Structure formats: C-alpha cells, structure tokens
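Novice: One file is attached below, run-v6.cif, containing mmCIF, N, CA and C atoms.
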```cif
data_data
#
loop_
_atom_site.label_atom_id
_atom_site.label_comp_id
_atom_site.auth_asym_id
_atom_site.auth_seq_id
_atom_site.Cartn_x
_atom_site.Cartn_y
_atom_site.Cartn_z
N MET M 224 -28.92 -30.23 -22.53
CA MET M 224 -30.28 -29.78 -22.27
C MET M 224 -30.93 -30.62 -21.19
N ASP M 225 -30.63 -31.91 -21.18
CA ASP M 225 -31.26 -32.79 -20.18
C ASP M 225 -30.85 -32.39 -18.77
N PHE M 226 -29.59 -31.95 -18.65
CA PHE M 226 -29.11 -31.54 -17.33
C PHE M 226 -29.90 -30.33 -16.81
N ILE M 227 -30.18 -29.38 -17.70
CA ILE M 227 -30.89 -28.18 -17.30
C ILE M 227 -32.34 -28.51 -16.93
N THR M 228 -33.00 -29.32 -17.73
CA THR M 228 -34.39 -29.67 -17.42
C THR M 228 -34.47 -30.49 -16.15
N SER M 229 -33.49 -31.36 -15.91
CA SER M 229 -33.51 -32.15 -14.67
C SER M 229 -33.25 -31.25 -13.46
N ALA M 230 -32.45 -30.23 -13.64
CA ALA M 230 -32.20 -29.29 -12.54
C ALA M 230 -33.46 -28.51 -12.22
N PHE M 231 -34.19 -28.05 -13.23
CA PHE M 231 -35.45 -27.35 -13.00
C PHE M 231 -36.46 -28.27 -12.33
N ALA M 232 -36.49 -29.53 -12.77
CA ALA M 232 -37.43 -30.49 -12.18
C ALA M 232 -37.09 -30.73 -10.71
N ALA M 233 -35.81 -30.86 -10.40
CA ALA M 233 -35.39 -31.06 -9.01
C ALA M 233 -35.74 -29.84 -8.18
N ASP M 234 -35.57 -28.65 -8.75
CA ASP M 234 -35.88 -27.41 -8.05
C ASP M 234 -37.37 -27.34 -7.73
N GLU M 235 -38.20 -27.77 -8.67
CA GLU M 235 -39.65 -27.76 -8.47
C GLU M 235 -40.06 -28.75 -7.38
N THR M 236 -39.44 -29.93 -7.36
CA THR M 236 -39.79 -30.91 -6.34
C THR M 236 -39.37 -30.44 -4.96
N ILE M 237 -38.23 -29.76 -4.85
CA ILE M 237 -37.79 -29.22 -3.56
C ILE M 237 -38.77 -28.16 -3.10
N ALA M 238 -39.19 -27.30 -4.01
CA ALA M 238 -40.14 -26.25 -3.66
C ALA M 238 -41.47 -26.86 -3.23
N GLN M 239 -41.91 -27.93 -3.87
CA GLN M 239 -43.18 -28.57 -3.51
C GLN M 239 -43.09 -29.22 -2.13
N THR M 240 -41.95 -29.87 -1.82
CA THR M 240 -41.82 -30.50 -0.50
C THR M 240 -41.74 -29.45 0.60
N GLN M 241 -41.12 -28.32 0.31
CA GLN M 241 -41.06 -27.26 1.32
C GLN M 241 -42.44 -26.65 1.52
N ALA M 242 -43.18 -26.49 0.44
CA ALA M 242 -44.51 -25.90 0.54
C ALA M 242 -45.47 -26.83 1.27
N SER M 243 -45.35 -28.13 1.06
CA SER M 243 -46.25 -29.08 1.71
C SER M 243 -45.86 -29.35 3.15
N GLY M 244 -44.62 -29.00 3.53
CA GLY M 244 -44.18 -29.20 4.90
C GLY M 244 -43.71 -30.60 5.18
N ASP M 245 -43.40 -31.38 4.14
CA ASP M 245 -42.94 -32.75 4.33
C ASP M 245 -41.56 -32.82 4.95
N VAL M 246 -40.74 -31.83 4.74
CA VAL M 246 -39.38 -31.84 5.26
C VAL M 246 -39.44 -31.50 6.74
N ALA M 247 -38.92 -32.38 7.58
CA ALA M 247 -39.02 -32.22 9.03
C ALA M 247 -38.06 -31.13 9.51
N GLY M 248 -38.61 -30.03 10.02
CA GLY M 248 -37.81 -28.97 10.62
C GLY M 248 -37.01 -28.12 9.66
N ALA M 249 -37.14 -28.32 8.36
CA ALA M 249 -36.37 -27.53 7.41
C ALA M 249 -37.11 -26.23 7.14
N PRO M 250 -36.45 -25.10 7.34
CA PRO M 250 -37.11 -23.82 7.07
C PRO M 250 -37.26 -23.59 5.57
N ALA M 251 -38.28 -22.89 5.23
CA ALA M 251 -38.50 -22.55 3.83
C ALA M 251 -37.51 -21.46 3.43
N VAL M 252 -36.75 -21.69 2.39
CA VAL M 252 -35.74 -20.74 1.94
C VAL M 252 -36.30 -19.96 0.76
N THR M 253 -36.30 -18.64 0.89
CA THR M 253 -36.78 -17.82 -0.21
C THR M 253 -35.60 -17.00 -0.73
N PRO M 254 -35.46 -16.94 -2.01
CA PRO M 254 -34.36 -16.15 -2.57
C PRO M 254 -34.62 -14.66 -2.33
N PRO M 255 -33.56 -13.86 -2.27
CA PRO M 255 -33.76 -12.43 -2.06
C PRO M 255 -34.45 -11.80 -3.26
N SER M 256 -35.17 -10.75 -2.99
CA SER M 256 -35.84 -10.05 -4.09
C SER M 256 -34.78 -9.33 -4.93
N GLU M 257 -35.22 -8.82 -6.05
CA GLU M 257 -34.30 -8.15 -6.97
C GLU M 257 -33.66 -6.93 -6.32
N GLY M 258 -34.43 -6.17 -5.59
CA GLY M 258 -33.91 -4.97 -4.92
C GLY M 258 -32.91 -5.32 -3.82
N GLU M 259 -33.21 -6.40 -3.06
CA GLU M 259 -32.28 -6.83 -2.01
C GLU M 259 -30.95 -7.29 -2.61
N ALA M 260 -31.01 -8.01 -3.71
CA ALA M 260 -29.80 -8.50 -4.37
C ALA M 260 -28.94 -7.33 -4.85
N VAL M 261 -29.57 -6.33 -5.43
CA VAL M 261 -28.83 -5.16 -5.90
C VAL M 261 -28.18 -4.43 -4.72
N MET M 262 -28.93 -4.27 -3.64
CA MET M 262 -28.37 -3.59 -2.46
C MET M 262 -27.20 -4.38 -1.85
N MET M 263 -27.30 -5.71 -1.84
CA MET M 263 -26.20 -6.52 -1.32
C MET M 263 -24.95 -6.37 -2.19
N ASN M 264 -25.14 -6.31 -3.50
CA ASN M 264 -24.00 -6.13 -4.42
C ASN M 264 -23.36 -4.76 -4.23
N ILE M 265 -24.19 -3.73 -4.10
CA ILE M 265 -23.66 -2.38 -3.88
C ILE M 265 -22.91 -2.32 -2.55
N GLY M 266 -23.46 -2.98 -1.53
CA GLY M 266 -22.80 -3.01 -0.23
C GLY M 266 -21.43 -3.68 -0.30
N MET M 267 -21.33 -4.79 -1.03
CA MET M 267 -20.05 -5.47 -1.18
C MET M 267 -19.03 -4.61 -1.92
N ILE M 268 -19.49 -3.90 -2.94
CA ILE M 268 -18.59 -3.01 -3.69
C ILE M 268 -18.10 -1.89 -2.79
N MET M 269 -18.97 -1.36 -1.94
CA MET M 269 -18.56 -0.29 -1.02
C MET M 269 -17.56 -0.81 0.01
N ILE M 270 -17.77 -2.02 0.51
CA ILE M 270 -16.83 -2.61 1.47
C ILE M 270 -15.46 -2.81 0.81
N LEU M 271 -15.44 -3.29 -0.42
CA LEU M 271 -14.18 -3.47 -1.13
C LEU M 271 -13.49 -2.13 -1.37
N GLY M 272 -14.26 -1.10 -1.68
CA GLY M 272 -13.67 0.24 -1.87
C GLY M 272 -13.04 0.76 -0.60
N VAL M 273 -13.70 0.58 0.53
CA VAL M 273 -13.14 1.02 1.82
C VAL M 273 -11.87 0.25 2.14
N LEU M 274 -11.89 -1.07 1.92
CA LEU M 274 -10.69 -1.86 2.17
C LEU M 274 -9.53 -1.45 1.26
N PHE M 275 -9.82 -1.18 0.00
CA PHE M 275 -8.80 -0.72 -0.95
C PHE M 275 -8.18 0.58 -0.46
N TYR M 276 -9.01 1.50 0.01
CA TYR M 276 -8.50 2.78 0.52
C TYR M 276 -7.63 2.56 1.75
N LEU M 277 -8.12 1.76 2.70
CA LEU M 277 -7.40 1.57 3.96
C LEU M 277 -6.09 0.81 3.79
N LEU M 278 -6.06 -0.15 2.86
CA LEU M 278 -4.88 -0.98 2.71
C LEU M 278 -3.87 -0.49 1.68
N MET M 279 -4.30 0.35 0.73
CA MET M 279 -3.37 0.76 -0.32
C MET M 279 -3.17 2.27 -0.41
N ILE M 280 -4.22 3.03 -0.49
CA ILE M 280 -4.10 4.45 -0.75
C ILE M 280 -3.60 5.20 0.48
N ARG M 281 -4.18 4.94 1.64
CA ARG M 281 -3.82 5.68 2.85
C ARG M 281 -2.36 5.49 3.25
N PRO M 282 -1.81 4.26 3.27
CA PRO M 282 -0.38 4.12 3.61
C PRO M 282 0.54 4.82 2.62
N GLN M 283 0.17 4.81 1.34
CA GLN M 283 1.01 5.49 0.34
C GLN M 283 1.00 6.99 0.57
N GLN M 284 -0.15 7.56 0.92
CA GLN M 284 -0.22 8.99 1.22
C GLN M 284 0.64 9.34 2.43
N LYS M 285 0.65 8.46 3.43
CA LYS M 285 1.49 8.70 4.61
C LYS M 285 2.96 8.70 4.24
N ARG M 286 3.38 7.76 3.38
CA ARG M 286 4.78 7.71 2.95
C ARG M 286 5.16 8.97 2.19
N PHE M 287 4.29 9.44 1.29
CA PHE M 287 4.57 10.67 0.54
C PHE M 287 4.71 11.86 1.48
N LYS M 288 3.83 11.94 2.46
CA LYS M 288 3.87 13.06 3.39
C LYS M 288 5.16 13.03 4.23
N ALA M 289 5.54 11.84 4.71
CA ALA M 289 6.77 11.72 5.50
C ALA M 289 7.99 12.06 4.66
N HIS M 290 8.01 11.65 3.39
CA HIS M 290 9.15 11.96 2.51
C HIS M 290 9.23 13.46 2.24
N ALA M 291 8.09 14.09 2.03
CA ALA M 291 8.08 15.54 1.79
C ALA M 291 8.57 16.30 3.02
N GLU M 292 8.18 15.84 4.22
CA GLU M 292 8.65 16.49 5.45
C GLU M 292 10.16 16.31 5.62
N MET M 293 10.66 15.12 5.29
CA MET M 293 12.09 14.86 5.38
C MET M 293 12.86 15.74 4.41
N LEU M 294 12.36 15.88 3.19
CA LEU M 294 13.03 16.73 2.21
C LEU M 294 13.03 18.19 2.65
N GLY M 295 11.97 18.62 3.29
CA GLY M 295 11.89 19.99 3.77
C GLY M 295 12.88 20.27 4.89
N GLY M 296 13.24 19.24 5.63
CA GLY M 296 14.15 19.42 6.76
C GLY M 296 15.62 19.29 6.40
N LEU M 297 15.94 19.02 5.15
CA LEU M 297 17.34 18.88 4.75
C LEU M 297 18.01 20.24 4.67
N GLY M 298 19.25 20.29 5.11
CA GLY M 298 20.00 21.54 5.03
C GLY M 298 21.47 21.26 4.79
N LYS M 299 22.26 22.30 4.79
CA LYS M 299 23.69 22.19 4.53
C LYS M 299 24.33 21.31 5.61
N GLY M 300 25.18 20.39 5.16
CA GLY M 300 25.89 19.51 6.08
C GLY M 300 25.19 18.19 6.38
N THR M 301 24.01 17.99 5.83
CA THR M 301 23.28 16.74 6.08
C THR M 301 23.82 15.65 5.15
N LYS M 302 24.13 14.49 5.73
CA LYS M 302 24.60 13.36 4.94
C LYS M 302 23.38 12.63 4.39
N ILE M 303 23.35 12.43 3.06
CA ILE M 303 22.16 11.89 2.40
C ILE M 303 22.48 10.66 1.57
N LEU M 304 21.43 9.96 1.18
CA LEU M 304 21.51 8.82 0.29
C LEU M 304 20.58 9.11 -0.89
N THR M 305 21.08 8.90 -2.11
CA THR M 305 20.26 9.15 -3.30
C THR M 305 19.65 7.86 -3.82
N GLN M 306 18.73 7.97 -4.76
CA GLN M 306 18.11 6.78 -5.34
C GLN M 306 19.11 5.93 -6.08
N GLY M 307 20.15 6.53 -6.60
CA GLY M 307 21.19 5.79 -7.31
C GLY M 307 22.19 5.12 -6.40
N GLY M 308 22.06 5.34 -5.10
CA GLY M 308 22.97 4.71 -4.15
C GLY M 308 24.16 5.57 -3.78
N LEU M 309 24.23 6.79 -4.27
CA LEU M 309 25.33 7.68 -3.92
C LEU M 309 25.12 8.25 -2.52
N VAL M 310 26.21 8.32 -1.76
CA VAL M 310 26.18 8.91 -0.44
C VAL M 310 27.00 10.18 -0.49
N GLY M 311 26.43 11.25 0.02
CA GLY M 311 27.14 12.52 0.01
C GLY M 311 26.61 13.45 1.07
N THR M 312 27.24 14.62 1.13
CA THR M 312 26.84 15.63 2.09
C THR M 312 26.35 16.85 1.33
N ILE M 313 25.23 17.40 1.77
CA ILE M 313 24.70 18.59 1.10
C ILE M 313 25.66 19.74 1.35
N ASP M 314 26.16 20.31 0.25
CA ASP M 314 27.11 21.41 0.33
C ASP M 314 26.40 22.76 0.21
N GLN M 315 25.34 22.77 -0.60
CA GLN M 315 24.64 24.04 -0.84
C GLN M 315 23.21 23.73 -1.29
N VAL M 316 22.26 24.51 -0.78
CA VAL M 316 20.87 24.41 -1.23
C VAL M 316 20.70 25.46 -2.32
N ILE M 317 20.51 25.00 -3.56
CA ILE M 317 20.42 25.90 -4.71
C ILE M 317 19.03 26.51 -4.81
N SER M 318 18.02 25.68 -4.75
CA SER M 318 16.63 26.16 -4.83
C SER M 318 15.74 25.18 -4.08
N ASP M 319 14.43 25.36 -4.21
CA ASP M 319 13.51 24.45 -3.57
C ASP M 319 13.57 23.05 -4.18
N HIS M 320 14.09 22.97 -5.40
CA HIS M 320 14.10 21.70 -6.11
C HIS M 320 15.49 21.10 -6.30
N GLU M 321 16.54 21.87 -6.07
CA GLU M 321 17.89 21.40 -6.33
C GLU M 321 18.81 21.65 -5.15
N VAL M 322 19.78 20.71 -5.00
CA VAL M 322 20.82 20.86 -3.99
C VAL M 322 22.16 20.47 -4.62
N CYS M 323 23.24 21.02 -4.07
CA CYS M 323 24.59 20.66 -4.49
C CYS M 323 25.12 19.69 -3.44
N VAL M 324 25.55 18.50 -3.89
CA VAL M 324 25.99 17.45 -2.98
C VAL M 324 27.47 17.16 -3.21
N ASP M 325 28.24 17.13 -2.12
CA ASP M 325 29.65 16.77 -2.18
C ASP M 325 29.74 15.27 -1.91
N VAL M 326 30.22 14.50 -2.92
CA VAL M 326 30.31 13.05 -2.78
C VAL M 326 31.72 12.59 -2.41
N GLY M 327 32.63 13.50 -2.20
CA GLY M 327 33.99 13.16 -1.78
C GLY M 327 35.02 13.50 -2.84
N ASN M 328 36.26 13.65 -2.40
CA ASN M 328 37.38 13.99 -3.30
C ASN M 328 37.11 15.25 -4.11
N GLY M 329 36.37 16.16 -3.56
CA GLY M 329 36.10 17.43 -4.23
C GLY M 329 35.08 17.33 -5.36
N ILE M 330 34.41 16.22 -5.49
CA ILE M 330 33.41 16.05 -6.55
C ILE M 330 32.07 16.52 -6.02
N LYS M 331 31.48 17.47 -6.74
CA LYS M 331 30.19 18.02 -6.34
C LYS M 331 29.18 17.76 -7.45
N LEU M 332 28.00 17.33 -7.06
CA LEU M 332 26.92 17.04 -8.01
C LEU M 332 25.71 17.90 -7.68
N THR M 333 25.01 18.30 -8.71
CA THR M 333 23.74 18.99 -8.51
C THR M 333 22.64 17.97 -8.68
N LEU M 334 21.82 17.82 -7.63
CA LEU M 334 20.75 16.84 -7.64
C LEU M 334 19.40 17.50 -7.41
N MET M 335 18.39 16.88 -7.96
CA MET M 335 17.04 17.30 -7.64
C MET M 335 16.68 16.70 -6.28
N ARG M 336 15.96 17.43 -5.47
CA ARG M 336 15.58 16.95 -4.13
C ARG M 336 14.75 15.68 -4.20
N SER M 337 13.98 15.52 -5.24
CA SER M 337 13.11 14.34 -5.34
C SER M 337 13.91 13.04 -5.48
N TYR M 338 15.18 13.13 -5.87
CA TYR M 338 16.02 11.94 -6.00
C TYR M 338 16.75 11.59 -4.72
N ILE M 339 16.49 12.31 -3.66
CA ILE M 339 17.08 11.99 -2.36
C ILE M 339 16.14 11.03 -1.65
N VAL M 340 16.67 9.86 -1.28
CA VAL M 340 15.86 8.85 -0.60
C VAL M 340 15.68 9.21 0.86
N GLY M 341 16.75 9.67 1.48
CA GLY M 341 16.65 10.02 2.89
C GLY M 341 18.01 10.34 3.48
N ARG M 342 18.01 10.51 4.78
CA ARG M 342 19.26 10.74 5.49
C ARG M 342 20.05 9.44 5.52
N TYR M 343 21.35 9.55 5.43
CA TYR M 343 22.20 8.36 5.40
C TYR M 343 22.05 7.56 6.69
N GLU M 344 21.99 8.23 7.81
CA GLU M 344 21.91 7.55 9.10
C GLU M 344 20.63 6.72 9.22
N ASP M 345 19.56 7.19 8.62
CA ASP M 345 18.28 6.48 8.69
C ASP M 345 18.23 5.26 7.78
N ASN M 346 19.10 5.21 6.75
CA ASN M 346 19.04 4.15 5.74
C ASN M 346 20.15 3.12 5.86
N VAL M 347 21.06 3.29 6.81
CA VAL M 347 22.15 2.34 6.97
C VAL M 347 21.63 1.12 7.72
N PRO M 348 21.88 -0.09 7.21
CA PRO M 348 21.47 -1.29 7.95
C PRO M 348 22.18 -1.37 9.29
N ALA M 349 21.57 -2.03 10.25
CA ALA M 349 22.11 -2.10 11.61
C ALA M 349 23.50 -2.74 11.63
N ALA M 350 23.74 -3.78 10.83
CA ALA M 350 25.03 -4.46 10.82
C ALA M 350 26.13 -3.52 10.33
N ALA M 351 25.85 -2.74 9.29
CA ALA M 351 26.85 -1.81 8.76
C ALA M 351 27.12 -0.69 9.76
N ALA M 352 26.10 -0.27 10.47
CA ALA M 352 26.30 0.78 11.47
C ALA M 352 27.19 0.27 12.60
N ASN M 353 27.01 -0.97 13.00
CA ASN M 353 27.86 -1.55 14.04
C ASN M 353 29.30 -1.67 13.56
N ASP M 354 29.51 -2.04 12.28
CA ASP M 354 30.86 -2.14 11.74
C ASP M 354 31.55 -0.79 11.74
N ASP M 355 30.81 0.28 11.39
CA ASP M 355 31.40 1.61 11.37
C ASP M 355 31.84 2.03 12.77
N ARG M 356 31.05 1.71 13.77
CA ARG M 356 31.40 2.06 15.15
C ARG M 356 32.63 1.31 15.62
N LYS M 357 32.75 0.03 15.25
CA LYS M 357 33.91 -0.76 15.63
C LYS M 357 35.17 -0.23 14.99
N ASN M 358 35.06 0.17 13.70
CA ASN M 358 36.23 0.69 12.99
C ASN M 358 36.69 2.02 13.58
N LYS M 359 35.79 2.83 14.07
CA LYS M 359 36.15 4.13 14.65
C LYS M 359 36.85 3.95 15.97
N LYS M 360 36.53 2.91 16.73
CA LYS M 360 37.15 2.69 18.03
C LYS M 360 38.59 2.22 17.89
N ARG M 361 38.96 1.58 16.81
CA ARG M 361 40.31 1.04 16.63
C ARG M 361 41.30 2.09 16.33
#
```
Rewrite the structure from the file as structure tokens, please.
Specialist:
Amino acid sequence: MDFITSAFAADETIAQTQASGDVAGAPAVTPPSEGEAVMMNIGMIMILGVLFYLLMIRPQQKRFKAHAEMLGGLGKGTKILTQGGLVGTIDQVISDHEVCVDVGNGIKLTLMRSYIVGRYEDNVPAAAANDDRKNKKR
C-alpha cells in the first residue's frame, strides 16, 4: 500500500511542478482522453488485422489458386508426384476428382487429384536433376 500512495504522491508533485512552470523547458504532458485512447486501440487492432491478412491469408490463397490451376492442367502422360512420395505417369483421367496413375511395372493406382503435389519436373531438386542428365549421357 505504501508503494501505491507514494506513487500517487509523486504523480501529484510532478503535476504541481508542471503547472507552476518550475521545470525548465519541459512541456506539460497530458494523458489522452478516453475517446482518444479507445480510437488508438481500435487503430492498432485494425493495423494488426491488415498485417495478418497480408502476411498469412493472402499468400495461402495464392498457393491454393496456383495448385488448383496446376491440377486443372494435368492430363494423360504427365509425370506427377503424390503427397506420399510416389512418382508416376497419369494413364487415364477418370473424373474431375480421380486419375489413374501408372507407377511402373504395370502397377496402376487410382488417386484423388487433391493428393497430387505437382509435376515431377517441378519438384525434383536441382542436384537430382543434374544426376539424371549425367546418367542419360553415359
């Protein structure tokens, strides 16, 4: 309790010295009114909302749109990579949601399009792509 009363007493003495003008060149500081404080808080919340949208929501929407466009462009003969890491070639487009993928040795799988990560060529690391080119030249 003593700390609180001493803080109030110090606050009163500062206010009295500012009012009397004893402080050389120190401007009188007035706290913002209740309405100004509320408006500043609302402004900060709006700024945080805009930053949240720009840094998180908008890039995710762009990724979804690019993935949907990529899925729409897939057709027979396209080499793909699945979420499970399987690499195969689209053998047949069954419907808007399913494709038949040939993974080699005559093994064919029916996959949902949403489980396709992308084209194989787009997802191969640069070092592995260079190794494949070297092996083909030999």
Novice: Can you list, as a PyMOL selection string, every protein, DNA or RNA residue that comes within 7 Å of Val316 of chain M when you count all atoms listed in the file, leaving out same-chain residues fewer than 4 positions away?
Specialist: chain M and resi 298-299+321-323
Novice: Go ahead and write the selection's residues with N, CA and C atoms as a tab-separated table (two decimals), keeping the file's coordinate frame.
Specialist:
```
chain	number	residue	atom	x	y	z
M	298	GLY	N	19.25	20.29	5.11
M	298	GLY	CA	20.00	21.54	5.03
M	298	GLY	C	21.47	21.26	4.79
M	299	LYS	N	22.26	22.30	4.79
M	299	LYS	CA	23.69	22.19	4.53
M	299	LYS	C	24.33	21.31	5.61
M	321	GLU	N	16.54	21.87	-6.07
M	321	GLU	CA	17.89	21.40	-6.33
M	321	GLU	C	18.81	21.65	-5.15
M	322	VAL	N	19.78	20.71	-5.00
M	322	VAL	CA	20.82	20.86	-3.99
M	322	VAL	C	22.16	20.47	-4.62
M	323	CYS	N	23.24	21.02	-4.07
M	323	CYS	CA	24.59	20.66	-4.49
M	323	CYS	C	25.12	19.69	-3.44
```
Novice: Residues near Leu304 of chain M, anyone? I mean within 6.5 Å using all atoms listed in the file, not counting same-chain ones fewer than 6 positions away, as a list of chain:residue names.
Specialist: M:Val310, M:Gly311, M:Tyr338, M:Ile339, M:Val340, M:Gly341, M:Arg342, M:Tyr343
Novice: Give me every strand (DSSP E) residue in segment 270-333 of chain M, going by DSSP on the backbone, as a list in words.
Specialist: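 After running DSSP on the backbone, segment 270-333 of chain M has strand (DSSP E) at Lys302, Ile303, Leu304, Thr305, Val310, Gly311, Thr312, Ile313, Asp314, Gln315, Val316, Glu321, Val322, Cys323, Val324, Asp325, Val326, Gly327, Ile330, Lys331, Leu332 and Thr333 of chain M.
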Novice: Between atom C of Met335 of chain M and atom CA of His320 of chain M, what is the spacing in Å?
Specialist: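 Rounded to one decimal, the two atoms are 5.6 Å apart.
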Novice: As an exercise, work out the distance from atom C of Asp345 of chain M to atom N of Arg281 of chain M in Å and give it to one decimal place.
Specialist: 23.2 Å
Novice: So how many Å separate atom CA of Thr312 of chain M and atom CA of Asp325 of chain M, to one decimal?
Specialist: 5.2 Å
Novice: With C-alpha atoms as the atom set, please write segment 254-273 of chain M from the structure just given, as a compact mmCIF listing (two decimals), in the first residue's frame.
Specialist:
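Output (selection-v1.txt):
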```txt
# COMPACT_ATOMS: atom_id res chain seq x y z
CA PRO M 254 -2.80 11.95 -20.98
CA PRO M 255 -5.11 11.18 -23.90
CA SER M 256 -8.81 11.45 -23.29
CA GLU M 257 -10.93 8.34 -23.01
CA GLY M 258 -12.19 8.64 -26.58
CA GLU M 259 -8.68 9.13 -27.98
CA ALA M 260 -7.42 6.06 -26.12
CA VAL M 261 -10.26 3.93 -27.50
CA MET M 262 -9.61 5.16 -31.04
CA MET M 263 -5.87 4.41 -30.71
CA ASN M 264 -6.66 0.87 -29.54
CA ILE M 265 -9.10 0.31 -32.40
CA GLY M 266 -6.50 1.66 -34.84
CA MET M 267 -3.86 -0.77 -33.54
CA ILE M 268 -6.28 -3.70 -33.85
CA MET M 269 -7.05 -2.69 -37.44
CA ILE M 270 -3.34 -2.44 -38.29
CA LEU M 271 -2.75 -5.91 -36.83
CA GLY M 272 -5.68 -7.29 -38.83
CA VAL M 273 -4.29 -5.86 -42.07
```
